[in-house]
Amino acid sequence: MATTRIPAVEGWFTLDDAPSLLGTRCKSCGAYFFPKETFACRNPRCGASELEETPLSRRGKLWSFTDNRYPPPKPYVAPDPFEPYAVAAVELEREKMVVLGQVVRGVGCADLHAGMEMELVLDTLYRDGENDVVTWKWRPAQAAEGRAQ
Ligand SMILES: [Zn+2]
């Protein structure tokens, strides 16, 4: 049965097989923003107001990580029973900007070390009728080979 994948947050990432986060880039100084900045460039030396939407790097280096042992507060929907998960801060390859995200199930802090290569994937957050509500997550890039997620 075909299910429709819908994003947990509209317009923050693409839904293709090689998903990317969607940010904005200042046309004047080239600074990147995620989540999207649309009003004006936040670079204090720039302040230009022309920003364009751009897909961000799908890979980056693990900068920091931690364990989340408690369910997030509403309106976030957590699986019941709650399973602790790791949260990763990944520095994007091209943009050198740090983006937080949940780490895929089955990968805990013991499997992570700073500096390792991570890649972006989409994962189901919860089922809503016929729809899979998806969000982005990080996973170790090396572990992707030969293992279906
Ligand atoms: Zn700028």
# chains A, B, ... in the order shown; residues from 1 in each chain; ligands from 1
$ closest_atom_pairs --of "chain A" --to "ligand 1" --cutoff "9 Å" --atoms "only C-alpha atoms and all ligand atoms" --output "CSV"
residue,atom,partner,partner_atom_place_in_ligand_line,distance
A:Arg25,CA,ligand 1,1 (Zn),7.9
A:Cys26,CA,ligand 1,1 (Zn),4.6
A:Lys27,CA,ligand 1,1 (Zn),6.6
A:Ser28,CA,ligand 1,1 (Zn),5.0
A:Cys29,CA,ligand 1,1 (Zn),4.1
A:Gly30,CA,ligand 1,1 (Zn),6.0
A:Ala31,CA,ligand 1,1 (Zn),5.6
A:Tyr32,CA,ligand 1,1 (Zn),8.5
A:Ala40,CA,ligand 1,1 (Zn),7.7
A:Cys41,CA,ligand 1,1 (Zn),4.5
A:Arg42,CA,ligand 1,1 (Zn),6.8
A:Asn43,CA,ligand 1,1 (Zn),5.5
A:Pro44,CA,ligand 1,1 (Zn),8.2
A:Arg45,CA,ligand 1,1 (Zn),7.7
A:Cys46,CA,ligand 1,1 (Zn),4.6
A:Gly47,CA,ligand 1,1 (Zn),5.6
A:Ala48,CA,ligand 1,1 (Zn),5.2
A:Ser49,CA,ligand 1,1 (Zn),7.7
A:Glu50,CA,ligand 1,1 (Zn),8.1
A:Leu51,CA,ligand 1,1 (Zn),8.0
$ residues_around --residues "range 93-110 of chain A" --least-positions-apart "6" --cutoff "8 Å" --atoms "only C-alpha atoms" --output "PDB file with C-alpha atoms, in the first residue's frame"
ATOM      1  CA  TYR A  32      24.118  30.512   4.653  1.00  0.00           C
ATOM      2  CA  PHE A  34      19.186  27.327   8.344  1.00  0.00           C
ATOM      3  CA  LEU A  56      22.485  22.522   1.794  1.00  0.00           C
ATOM      4  CA  SER A  57      25.257  19.898   1.891  1.00  0.00           C
ATOM      5  CA  ARG A  58      23.986  16.399   2.651  1.00  0.00           C
ATOM      6  CA  ARG A  59      27.184  15.530   4.481  1.00  0.00           C
ATOM      7  CA  GLY A  60      29.282  16.990   7.191  1.00  0.00           C
ATOM      8  CA  LYS A  61      31.552  16.312  10.138  1.00  0.00           C
ATOM      9  CA  TRP A  63      31.018  18.299  15.780  1.00  0.00           C
ATOM     10  CA  PHE A  65      26.632  14.886  20.197  1.00  0.00           C
ATOM     11  CA  THR A  66      24.600  13.992  23.247  1.00  0.00           C
ATOM     12  CA  ASP A  67      21.988  11.583  24.520  1.00  0.00           C
ATOM     13  CA  TYR A  85      18.161   8.645  21.039  1.00  0.00           C
ATOM     14  CA  ALA A  86      21.326  10.527  20.226  1.00  0.00           C
ATOM     15  CA  VAL A  87      21.303  14.097  18.992  1.00  0.00           C
ATOM     16  CA  ASP A 123      13.039   8.994   8.679  1.00  0.00           C
ATOM     17  CA  TRP A 136      15.635  14.676   8.787  1.00  0.00           C
ATOM     18  CA  LYS A 137      18.085  12.653  10.830  1.00  0.00           C
ATOM     19  CA  TRP A 138      21.842  12.114  10.804  1.00  0.00           C
ATOM     20  CA  ARG A 139      23.600   8.811  10.414  1.00  0.00           C
TER      21      ARG A 139
END
$ closest_residue --among "A:Thr54, A:Asn131, A:Asn68, A:Ser20" --to "Glu119 in chain A" --atoms "only C-alpha atoms"
A:Ser20
$ closest_residue --among "A:Val133, A:Pro55, A:Asp128, A:Val90" --to "Ala18 in chain A" --atoms "only C-alpha atoms"
A:Pro55
$ atom_distance --atom1 "CA of Ala78 in chain A" --atom2 "CA of Arg5 in chain A"
17.9 Å
$ select_by_dssp --residues "range 26-84 of chain A" --states "strand (DSSP E or B)" --output "ChimeraX atom specification"
/A:26,32-33,51-55,59-68
$ write_last_selection --atoms "N, CA and C atoms" --output "compact mmCIF listing (two decimals), in the first residue's frame"
# COMPACT_ATOMS: atom_id res chain seq x y z
N CYS A 26 22.75 34.35 1.31
CA CYS A 26 22.74 35.78 1.01
C CYS A 26 23.40 36.02 -0.33
N TYR A 32 25.22 31.48 4.70
CA TYR A 32 24.12 30.51 4.65
C TYR A 32 23.31 30.57 5.95
N PHE A 33 22.01 30.28 5.83
CA PHE A 33 21.16 30.26 7.00
C PHE A 33 20.25 29.04 7.00
N LEU A 51 17.95 37.25 -0.31
CA LEU A 51 18.37 35.90 0.05
C LEU A 51 17.70 34.91 -0.88
N GLU A 52 18.44 33.90 -1.30
CA GLU A 52 17.86 32.89 -2.18
C GLU A 52 17.84 31.54 -1.50
N GLU A 53 16.78 30.75 -1.80
CA GLU A 53 16.68 29.41 -1.22
C GLU A 53 17.70 28.51 -1.88
N THR A 54 18.34 27.66 -1.09
CA THR A 54 19.35 26.76 -1.64
C THR A 54 19.38 25.45 -0.86
N PRO A 55 19.57 24.32 -1.56
CA PRO A 55 19.77 23.06 -0.83
C PRO A 55 21.13 23.08 -0.16
N ARG A 59 26.19 16.14 3.61
CA ARG A 59 27.18 15.53 4.48
C ARG A 59 27.93 16.56 5.30
N GLY A 60 28.49 16.09 6.38
CA GLY A 60 29.28 16.99 7.19
C GLY A 60 30.02 16.21 8.25
N LYS A 61 30.77 16.94 9.07
CA LYS A 61 31.55 16.31 10.14
C LYS A 61 30.83 16.45 11.48
N LEU A 62 30.84 15.35 12.22
CA LEU A 62 30.21 15.37 13.54
C LEU A 62 31.02 16.28 14.46
N TRP A 63 30.36 17.28 14.99
CA TRP A 63 31.02 18.30 15.78
C TRP A 63 30.80 18.02 17.27
N SER A 64 29.60 17.62 17.60
CA SER A 64 29.27 17.31 18.99
C SER A 64 28.02 16.43 19.00
N PHE A 65 27.82 15.72 20.10
CA PHE A 65 26.63 14.89 20.20
C PHE A 65 26.29 14.65 21.65
N THR A 66 25.05 14.26 21.89
CA THR A 66 24.60 13.99 23.25
C THR A 66 23.45 13.00 23.20
N ASP A 67 23.10 12.52 24.37
CA ASP A 67 21.99 11.58 24.52
C ASP A 67 20.74 12.34 24.90
N ASN A 68 19.62 12.00 24.31
CA ASN A 68 18.36 12.54 24.81
C ASN A 68 17.59 11.41 25.46
$ atom_distance --atom1 "CA of Ala114 in chain A" --atom2 "CA of Asp17 in chain A"
26.6 Å
$ closest_residue --among "A:Val77, A:Ala8, A:Ala89, A:Leu120" --to "Leu21 in chain A" --atoms "only C-alpha atoms"
A:Leu120
